[in-house]
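This is my_file-v8.cif. It holds mmCIF, C-alpha atoms and all ligand atoms.
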```cif
data_protein
#
loop_
_atom_site.label_atom_id
_atom_site.label_comp_id
_atom_site.auth_asym_id
_atom_site.auth_seq_id
_atom_site.Cartn_x
_atom_site.Cartn_y
_atom_site.Cartn_z
CA MET L 278 -6.65 -16.74 3.01
CA GLN L 279 -10.02 -17.12 1.34
CA GLU L 280 -11.92 -20.33 2.04
CA GLY L 281 -14.28 -21.97 -0.39
CA ASP L 282 -17.40 -21.14 1.63
CA GLY L 283 -16.58 -17.44 1.78
CA PHE L 284 -15.10 -16.77 5.15
CA ILE L 285 -11.60 -15.48 5.59
CA LEU L 286 -9.56 -17.25 8.25
CA PHE L 287 -7.48 -14.37 9.57
CA GLU L 288 -9.02 -10.99 8.85
CA LEU L 289 -10.49 -8.33 11.13
CA ASN L 290 -11.45 -5.54 8.74
CA GLY L 291 -14.24 -3.37 10.14
CA LYS L 292 -13.83 -4.64 13.71
CA ARG L 293 -13.08 -2.38 16.68
CA ALA L 294 -10.91 -3.91 19.39
CA LEU L 295 -9.90 -2.81 22.89
CA VAL L 296 -6.75 -4.35 24.35
CA THR L 297 -6.35 -3.44 28.01
CA GLY L 298 -2.78 -2.89 29.19
CA SER L 299 -1.39 -2.42 25.68
CA THR L 300 1.31 0.17 26.41
CA GLN L 301 3.99 -2.54 26.49
CA GLY L 302 4.72 -6.27 26.58
CA ILE L 303 2.14 -8.83 25.53
CA GLY L 304 -0.76 -6.36 25.27
CA LYS L 305 1.22 -4.13 22.91
CA GLU L 306 2.05 -7.05 20.59
CA ILE L 307 -1.59 -8.19 20.61
CA ALA L 308 -2.68 -4.67 19.64
CA ILE L 309 -0.10 -4.43 16.84
CA CYS L 310 -1.14 -7.85 15.54
CA LEU L 311 -4.92 -7.21 15.58
CA ALA L 312 -4.35 -3.87 13.83
CA ALA L 313 -2.14 -5.55 11.21
CA TYR L 314 -5.06 -7.86 10.40
CA GLY L 315 -7.45 -4.95 9.88
CA ALA L 316 -8.99 -4.07 13.25
CA LYS L 317 -9.09 -0.53 14.59
CA VAL L 318 -7.40 -1.05 17.95
CA ILE L 319 -7.82 1.02 21.07
CA ILE L 320 -4.59 1.16 23.08
CA HIS L 321 -5.13 1.33 26.81
CA GLY L 322 -2.87 2.11 29.77
CA SER L 323 -3.23 2.86 33.46
CA SER L 324 -2.35 6.55 33.44
CA SER L 325 0.09 7.85 30.82
CA LEU L 326 -1.51 9.04 27.60
CA PRO L 327 1.91 9.75 25.98
CA LYS L 328 2.89 6.09 26.60
CA CYS L 329 -0.31 4.93 24.87
CA ARG L 330 0.27 7.40 22.03
CA GLU L 331 3.68 5.88 21.31
CA VAL L 332 2.04 2.52 20.54
CA MET L 333 -0.77 4.22 18.63
CA ASP L 334 1.79 6.08 16.49
CA GLU L 335 3.76 2.87 15.88
CA ILE L 336 0.59 1.23 14.57
CA ALA L 337 -0.35 4.26 12.47
CA ALA L 338 3.18 4.38 10.99
CA LYS L 339 2.50 0.94 9.50
CA GLY L 340 -0.66 2.26 7.89
CA ASN L 341 -3.00 0.58 10.41
CA LYS L 342 -5.70 2.06 12.62
CA ALA L 343 -5.49 2.85 16.35
CA ALA L 344 -6.78 5.16 19.08
CA CYS L 345 -5.88 5.40 22.77
CA VAL L 346 -7.40 5.82 26.23
CA VAL L 347 -6.28 5.70 29.86
CA ALA L 348 -8.12 4.30 32.88
CA ASP L 349 -6.72 2.82 36.07
CA LEU L 350 -8.46 -0.54 36.45
CA SER L 351 -7.82 -0.54 40.19
CA GLU L 352 -10.22 2.38 40.63
CA GLU L 353 -13.90 2.03 41.44
CA ASP L 354 -16.04 2.67 38.38
CA CYS L 355 -13.03 2.20 36.06
CA GLY L 356 -15.26 0.24 33.66
CA ARG L 357 -17.65 3.13 33.08
CA LYS L 358 -14.70 5.50 32.69
CA LEU L 359 -13.21 3.25 30.03
CA TYR L 360 -16.49 2.50 28.25
CA GLY L 361 -17.33 6.21 28.23
CA GLN L 362 -14.15 6.87 26.25
CA THR L 363 -14.28 3.93 23.83
CA GLY L 364 -17.95 3.33 23.09
CA ASP L 365 -18.90 -0.10 21.77
CA ILE L 366 -16.38 -2.58 20.42
CA ASP L 367 -16.40 -5.99 18.72
CA ILE L 368 -13.31 -7.47 20.36
CA LEU L 369 -12.32 -7.20 24.02
CA VAL L 370 -8.91 -8.44 25.15
CA LEU L 371 -8.53 -8.39 28.94
CA ASN L 372 -4.76 -8.25 29.21
CA ALA L 373 -3.89 -5.71 31.95
CA SER L 374 -2.89 -7.18 35.28
CA VAL L 375 -1.11 -6.44 38.52
CA GLN L 376 1.35 -8.96 39.91
CA ILE L 377 2.71 -8.46 43.42
CA ARG L 378 5.49 -10.90 44.28
CA LYS L 379 5.91 -11.82 47.93
CA PRO L 380 5.48 -14.82 50.24
CA TRP L 381 1.89 -15.63 51.21
CA TYR L 382 2.45 -14.68 54.88
CA GLU L 383 3.48 -11.12 53.94
CA ILE L 384 0.56 -10.24 51.66
CA LYS L 385 -1.22 -7.11 52.88
CA PRO L 386 -4.98 -6.55 52.53
CA ASP L 387 -4.54 -3.65 50.10
CA GLU L 388 -2.21 -5.76 47.91
CA PHE L 389 -4.78 -8.56 47.90
CA ASP L 390 -7.53 -6.11 46.94
CA ARG L 391 -5.52 -4.42 44.17
CA GLN L 392 -4.75 -7.69 42.40
CA VAL L 393 -8.34 -8.92 42.70
CA ARG L 394 -9.64 -5.58 41.50
CA VAL L 395 -7.46 -5.26 38.37
CA ASN L 396 -7.11 -8.94 37.40
CA TYR L 397 -10.61 -10.23 38.10
CA LYS L 398 -13.25 -7.74 39.23
CA SER L 399 -12.59 -5.28 36.38
CA SER L 400 -12.78 -8.16 33.87
CA LEU L 401 -16.39 -8.86 34.83
CA GLU L 402 -17.21 -5.14 34.87
CA LEU L 403 -15.81 -4.70 31.35
CA ILE L 404 -17.63 -7.74 29.99
CA GLN L 405 -20.88 -6.47 31.51
CA LEU L 406 -20.40 -3.17 29.66
CA TYR L 407 -19.07 -4.42 26.31
CA ALA L 408 -20.93 -7.71 25.75
CA PRO L 409 -24.46 -6.29 25.20
CA TYR L 410 -23.47 -4.57 21.92
CA MET L 411 -21.67 -7.71 20.71
CA GLY L 412 -24.83 -9.66 21.51
CA ARG L 413 -27.03 -7.23 19.57
CA LYS L 414 -24.71 -7.57 16.56
CA GLY L 415 -24.57 -11.34 16.89
CA TRP L 416 -20.76 -11.33 16.76
CA GLY L 417 -18.20 -10.76 19.47
CA ARG L 418 -14.85 -11.95 20.78
CA ILE L 419 -13.70 -11.82 24.38
CA VAL L 420 -10.21 -13.04 25.25
CA ALA L 421 -8.94 -12.97 28.82
CA VAL L 422 -5.22 -13.29 29.46
CA GLY L 423 -4.50 -15.87 32.12
CA SER L 424 -1.25 -17.48 33.21
CA VAL L 425 0.55 -20.81 33.35
CA GLN L 426 0.24 -20.27 37.10
CA GLN L 427 -3.33 -21.60 36.80
CA TYR L 428 -1.55 -24.97 36.45
CA LYS L 429 1.73 -24.31 38.25
CA PRO L 430 1.26 -21.77 41.02
CA HIS L 431 4.36 -19.78 42.02
CA LYS L 432 5.04 -19.66 45.74
CA ASP L 433 5.44 -15.87 45.74
CA MET L 434 2.34 -15.10 43.70
CA LEU L 435 -0.51 -16.75 45.54
CA VAL L 436 -3.12 -14.03 45.03
CA TYR L 437 -2.10 -13.31 41.43
CA ALA L 438 -2.46 -16.99 40.49
CA GLY L 439 -5.81 -17.12 42.29
CA THR L 440 -7.16 -14.17 40.29
CA LYS L 441 -6.16 -15.86 37.02
CA GLU L 442 -7.86 -19.10 38.04
CA ALA L 443 -11.00 -17.19 39.04
CA GLN L 444 -10.99 -15.39 35.71
CA MET L 445 -10.71 -18.75 33.89
CA ASN L 446 -13.79 -19.98 35.70
CA MET L 447 -15.62 -16.83 34.58
CA VAL L 448 -14.48 -17.48 30.99
CA LYS L 449 -16.00 -20.98 31.03
CA ASN L 450 -19.20 -19.78 32.68
CA LEU L 451 -19.73 -16.91 30.23
CA ALA L 452 -18.62 -18.89 27.16
CA LYS L 453 -21.67 -21.08 27.63
CA GLN L 454 -24.03 -18.20 28.36
CA LEU L 455 -22.86 -15.92 25.54
CA ALA L 456 -22.43 -18.53 22.79
CA PRO L 457 -26.09 -18.27 21.66
CA LYS L 458 -25.44 -14.55 21.06
CA GLY L 459 -22.52 -15.24 18.72
CA ILE L 460 -19.89 -14.24 21.26
CA THR L 461 -16.91 -16.49 21.96
CA VAL L 462 -15.13 -16.21 25.31
CA ASN L 463 -11.69 -17.72 25.74
CA ASN L 464 -8.55 -17.53 27.84
CA MET L 465 -4.97 -17.32 26.57
CA SER L 466 -2.44 -18.32 29.21
CA PRO L 467 1.17 -17.29 28.69
CA GLY L 468 4.05 -19.10 30.35
CA VAL L 469 7.34 -17.23 30.70
CA ILE L 470 7.27 -14.47 28.11
CA ALA L 471 10.05 -11.90 27.96
CA THR L 472 8.42 -8.51 28.67
CA PRO L 473 9.32 -5.41 30.72
CA ARG L 474 7.56 -7.07 33.69
CA ASN L 475 10.12 -9.85 34.08
CA GLU L 476 13.13 -8.21 32.41
CA ASP L 477 15.07 -7.84 35.68
CA ALA L 478 14.29 -11.39 36.81
CA LEU L 479 15.33 -12.93 33.48
CA ASN L 480 18.52 -10.85 33.38
CA ASP L 481 19.60 -12.76 36.48
CA THR L 482 21.40 -15.61 34.70
CA GLU L 483 21.17 -18.08 37.58
CA TYR L 484 17.43 -17.47 38.04
CA ALA L 485 16.79 -17.60 34.28
CA LYS L 486 18.66 -20.92 33.95
CA LYS L 487 16.41 -22.47 36.63
CA VAL L 488 13.30 -21.09 34.93
CA TYR L 489 14.27 -22.43 31.49
CA GLU L 490 14.95 -25.88 32.96
CA GLY L 491 11.25 -25.98 33.83
CA ILE L 492 10.17 -25.23 30.25
CA PRO L 493 10.22 -28.28 27.93
CA LEU L 494 11.00 -26.12 24.88
CA GLY L 495 13.85 -24.60 26.92
CA PHE L 496 13.46 -20.88 26.32
CA ALA L 497 11.29 -17.87 27.18
CA GLY L 498 8.55 -17.00 24.72
CA ASP L 499 8.23 -13.73 22.85
CA ALA L 500 5.14 -11.52 23.13
CA LYS L 501 4.51 -12.35 19.45
CA ASP L 502 3.93 -16.00 20.43
CA CYS L 503 0.93 -14.73 22.40
CA SER L 504 -0.37 -12.31 19.78
CA GLY L 505 -0.72 -15.07 17.17
CA ALA L 506 -2.75 -17.14 19.64
CA VAL L 507 -5.06 -14.20 20.36
CA LEU L 508 -5.45 -13.50 16.64
CA LEU L 509 -6.66 -17.07 16.17
CA LEU L 510 -9.26 -16.65 18.94
CA CYS L 511 -10.44 -13.29 17.55
CA SER L 512 -10.75 -14.16 13.87
CA ASP L 513 -13.01 -16.44 11.87
CA ALA L 514 -10.36 -19.15 12.08
CA GLY L 515 -11.38 -19.43 15.74
CA ARG L 516 -15.13 -19.07 15.32
CA TYR L 517 -15.81 -22.60 16.62
CA ILE L 518 -13.56 -22.27 19.67
CA THR L 519 -15.10 -21.09 22.92
CA GLY L 520 -14.55 -21.70 26.64
CA ILE L 521 -10.96 -22.91 26.28
CA ASP L 522 -7.64 -22.01 27.79
CA LEU L 523 -5.06 -21.70 25.02
CA VAL L 524 -1.79 -22.19 26.87
CA VAL L 525 1.25 -20.55 25.26
CA ASP L 526 4.08 -21.73 27.48
CA GLY L 527 6.54 -23.99 25.67
CA GLY L 528 5.04 -26.92 27.60
CA MET L 529 5.70 -25.46 31.06
CA HIS L 530 2.31 -26.54 32.42
CA LEU L 531 3.08 -30.22 31.75
N1 LIG L 601 5.17 -11.84 30.93
C1 LIG L 601 4.90 -13.07 31.35
O1 LIG L 601 5.80 -13.93 31.48
C2 LIG L 601 3.48 -13.44 31.69
C3 LIG L 601 3.25 -14.76 32.14
C4 LIG L 601 1.95 -15.16 32.43
C5 LIG L 601 0.92 -14.26 32.28
N2 LIG L 601 1.16 -13.00 31.88
C6 LIG L 601 0.01 -12.09 31.75
O2 LIG L 601 0.08 -11.44 30.49
C7 LIG L 601 -0.46 -10.11 30.61
C8 LIG L 601 0.56 -9.12 30.12
O3 LIG L 601 1.77 -9.29 30.84
P1 LIG L 601 3.08 -8.43 30.52
O4 LIG L 601 4.22 -9.20 31.02
O5 LIG L 601 3.04 -7.95 29.12
O6 LIG L 601 2.83 -7.18 31.52
P2 LIG L 601 3.53 -5.77 31.66
O7 LIG L 601 4.73 -5.65 30.76
O8 LIG L 601 3.74 -5.55 33.12
O9 LIG L 601 2.40 -4.75 31.15
C9 LIG L 601 1.24 -4.60 31.91
C10 LIG L 601 0.23 -3.73 31.19
O10 LIG L 601 -0.91 -3.62 32.05
C11 LIG L 601 -1.21 -2.26 32.31
N3 LIG L 601 -1.67 -2.08 33.68
C12 LIG L 601 -1.05 -2.44 34.81
N4 LIG L 601 -1.77 -2.04 35.89
C13 LIG L 601 -2.88 -1.43 35.41
C14 LIG L 601 -3.98 -0.79 36.02
N5 LIG L 601 -4.11 -0.69 37.34
N6 LIG L 601 -4.94 -0.26 35.22
C15 LIG L 601 -4.82 -0.34 33.88
N7 LIG L 601 -3.78 -0.93 33.24
C16 LIG L 601 -2.82 -1.47 34.00
C17 LIG L 601 0.10 -1.51 32.06
O11 LIG L 601 -0.21 -0.18 31.69
P3 LIG L 601 0.75 1.08 32.10
O12 LIG L 601 2.04 0.86 31.39
O13 LIG L 601 0.02 2.26 31.61
O14 LIG L 601 0.84 1.04 33.59
C18 LIG L 601 0.73 -2.33 30.93
O15 LIG L 601 0.25 -1.88 29.70
C19 LIG L 601 -0.85 -9.96 32.07
O16 LIG L 601 -2.20 -10.28 32.24
C20 LIG L 601 0.01 -10.98 32.77
O17 LIG L 601 -0.57 -11.39 34.00
C21 LIG L 601 2.42 -12.57 31.58
#
```

Please rewrite the model in this file as structure tokens.
Ligand SMILES: NC(=O)c1ccc[n+]([C@@H]2O[C@H](COP(=O)([O-])OP(=O)(O)OC[C@H]3O[C@@H](n4cnc5c(N)ncnc54)[C@H](OP(=O)(O)O)[C@@H]3O)[C@@H](O)[C@H]2O)c1
Amino acid sequence: MQEGDGFILFELNGKRALVTGSTQGIGKEIAICLAAYGAKVIIHGSSSLPKCREVMDEIAAKGNKAACVVADLSEEDCGRKLYGQTGDIDILVLNASVQIRKPWYEIKPDEFDRQVRVNYKSSLELIQLYAPYMGRKGWGRIVAVGSVQQYKPHKDMLVYAGTKEAQMNMVKNLAKQLAPKGITVNNMSPGVIATPRNEDALNDTEYAKKVYEGIPLGFAGDAKDCSGAVLLLCSDAGRYITGIDLVVDGGMHL
């Protein structure tokens, strides 16, 4: 849609985007959506190049542009490994995460470290590597994927929820610091979204019924509900939005 003053609300032609964890689920839909609006999207996964290629081919089959890379974000120096493969980008979507479900008294040190490493520490590392180019160009978009658990922690995901809350604080801090460089930094927090991650849990009818009772809209979201929200934050339609948490949860946080 063309506006009177010349900017196009939803259009990403000429932009390069990296979506971490885009082999499946929410990340995959975000990648497909950004590519559909003109961005060249880099698909990323933890280890399997063929899995990334499937998404890349799906995007290419629609006549849109994609590439793919692998890097395990739990590894030391994963940021440099990833940056070395992608080069500079205009849009960074920090979507990959690790979620280990268990009661707080059973959490092991290595499980704590892995979640902090992938969900929080790597986010800062990637922003440190990718933001300088965005700053030099005077245009950039960074979207972190959070969780409704920032508002409603789950008893079996204490560390996971903590990493998302820490990442949100980083989003607010950097939104203020990077705004003068033309870079917006936002969070998009999904509620219950049907993806491979929670397929087994949601197939348990009793469990699913209890979950849906806690969602005012009464149903699980689709990954597409999240991709539209990220598109808004990445395009000119969202150019005046920075430092927010866009919660996509059917009202679950209320
Ligand atoms: N689904 C929900 O209801 C929900 C709710 C709240 C928040 N979220 C958040 O939304 C995001 C996407 O969730 P989802 O349900 O779509 O997840 P998912 O289906 O489990 O997919 C996770 C993605 O992250 C990648 N990944 C996992 N560990 C990685 C690692 N160590 N290094 C690099 N990549 C790694 C996976 O790549 P590989 O396939 O290559 O391993 C995959 O592409 C996450 O940040 C999650 O916390 C989801």

When the cut-off is 6 Å and you count only C-alpha atoms and all ligand atoms, which residues lie near ligand LIG 601 (chain L), shown as a compact mmCIF listing (two decimals) with C-alpha atoms, in the frame of the given file?
```txt
# COMPACT_ATOMS: atom_id res chain seq x y z
CA GLY L 298 -2.78 -2.89 29.19
CA SER L 299 -1.39 -2.42 25.68
CA THR L 300 1.31 0.17 26.41
CA GLN L 301 3.99 -2.54 26.49
CA GLY L 302 4.72 -6.27 26.58
CA ILE L 303 2.14 -8.83 25.53
CA GLY L 304 -0.76 -6.36 25.27
CA GLY L 322 -2.87 2.11 29.77
CA SER L 323 -3.23 2.86 33.46
CA SER L 324 -2.35 6.55 33.44
CA SER L 325 0.09 7.85 30.82
CA ALA L 348 -8.12 4.30 32.88
CA ASP L 349 -6.72 2.82 36.07
CA LEU L 350 -8.46 -0.54 36.45
CA SER L 351 -7.82 -0.54 40.19
CA ASN L 372 -4.76 -8.25 29.21
CA ALA L 373 -3.89 -5.71 31.95
CA SER L 374 -2.89 -7.18 35.28
CA VAL L 375 -1.11 -6.44 38.52
CA VAL L 395 -7.46 -5.26 38.37
CA VAL L 422 -5.22 -13.29 29.46
CA GLY L 423 -4.50 -15.87 32.12
CA SER L 424 -1.25 -17.48 33.21
CA VAL L 425 0.55 -20.81 33.35
CA PRO L 467 1.17 -17.29 28.69
CA GLY L 468 4.05 -19.10 30.35
CA VAL L 469 7.34 -17.23 30.70
CA ILE L 470 7.27 -14.47 28.11
CA ALA L 471 10.05 -11.90 27.96
CA THR L 472 8.42 -8.51 28.67
CA PRO L 473 9.32 -5.41 30.72
CA ARG L 474 7.56 -7.07 33.69
```

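CA of Ser512 (chain L) is positioned 17.7 Å from CA of Val524 (chain L).
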
Taking all listed atoms of region 437-452 of chain L, build the axis-aligned box, pad each of the six sides by 4 Å, then write its centre and edge lengths in Å to one decimal as JSON.
```
{"center_x": -10.9, "center_y": -17.1, "center_z": 34.7, "size_x": 25.6, "size_y": 15.7, "size_z": 23.1}
```

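Among the candidates L:Ile492, L:Cys329, L:Ala308, L:Ala294, the residue lying nearest to Lys429 (chain L) is L:Ile492 (atoms considered: all atoms listed in the file).
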
query: Pick from L:Lys339, L:Arg413, L:Lys328, L:Arg394: nearest to Lys441 (chain L), with only C-alpha atoms counted?
result: L:Arg394

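If all atoms listed in the file are the atoms counted, then among L:Asp334, L:Asp522, L:His431, L:Thr461 the closest residue to Trp381 (chain L) is L:His431.
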
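A straight line drawn from CA of Tyr517 (chain L) to CA of Ser399 (chain L) is 26.5 Å long.
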
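The space between CA of Gly505 (chain L) and CA of Glu476 (chain L) spans 21.7 Å.
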
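With distances restricted to all atoms listed in the file, L:Gly528 is the closest residue to Pro493 (chain L) from L:Pro380, L:Gly520, L:Gly515, L:Gly528.
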
Polymer residues at most 6 Å from region 309-321 of chain L, only C-alpha atoms, same-chain spacing of 5 or more positions, as a PyMOL selection string: chain L and resi 288-290+292-295+297-299+329+341-347

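Residues in contact range of Asn463 (chain L), defined as at most 10 Å between all atoms listed in the file, with sequence neighbours fewer than 2 positions away removed, read Val370, Arg418, Ile419, Val420, Ala421, Val422, Gly423, Met445, Met447, Val448, Lys449, Leu451, Ala452, Ile460, Thr461, Met465, Ser466, Val507, Leu510, Cys511, Ile518, Thr519, Gly520, Ile521, Asp522 and Leu523 of chain L.
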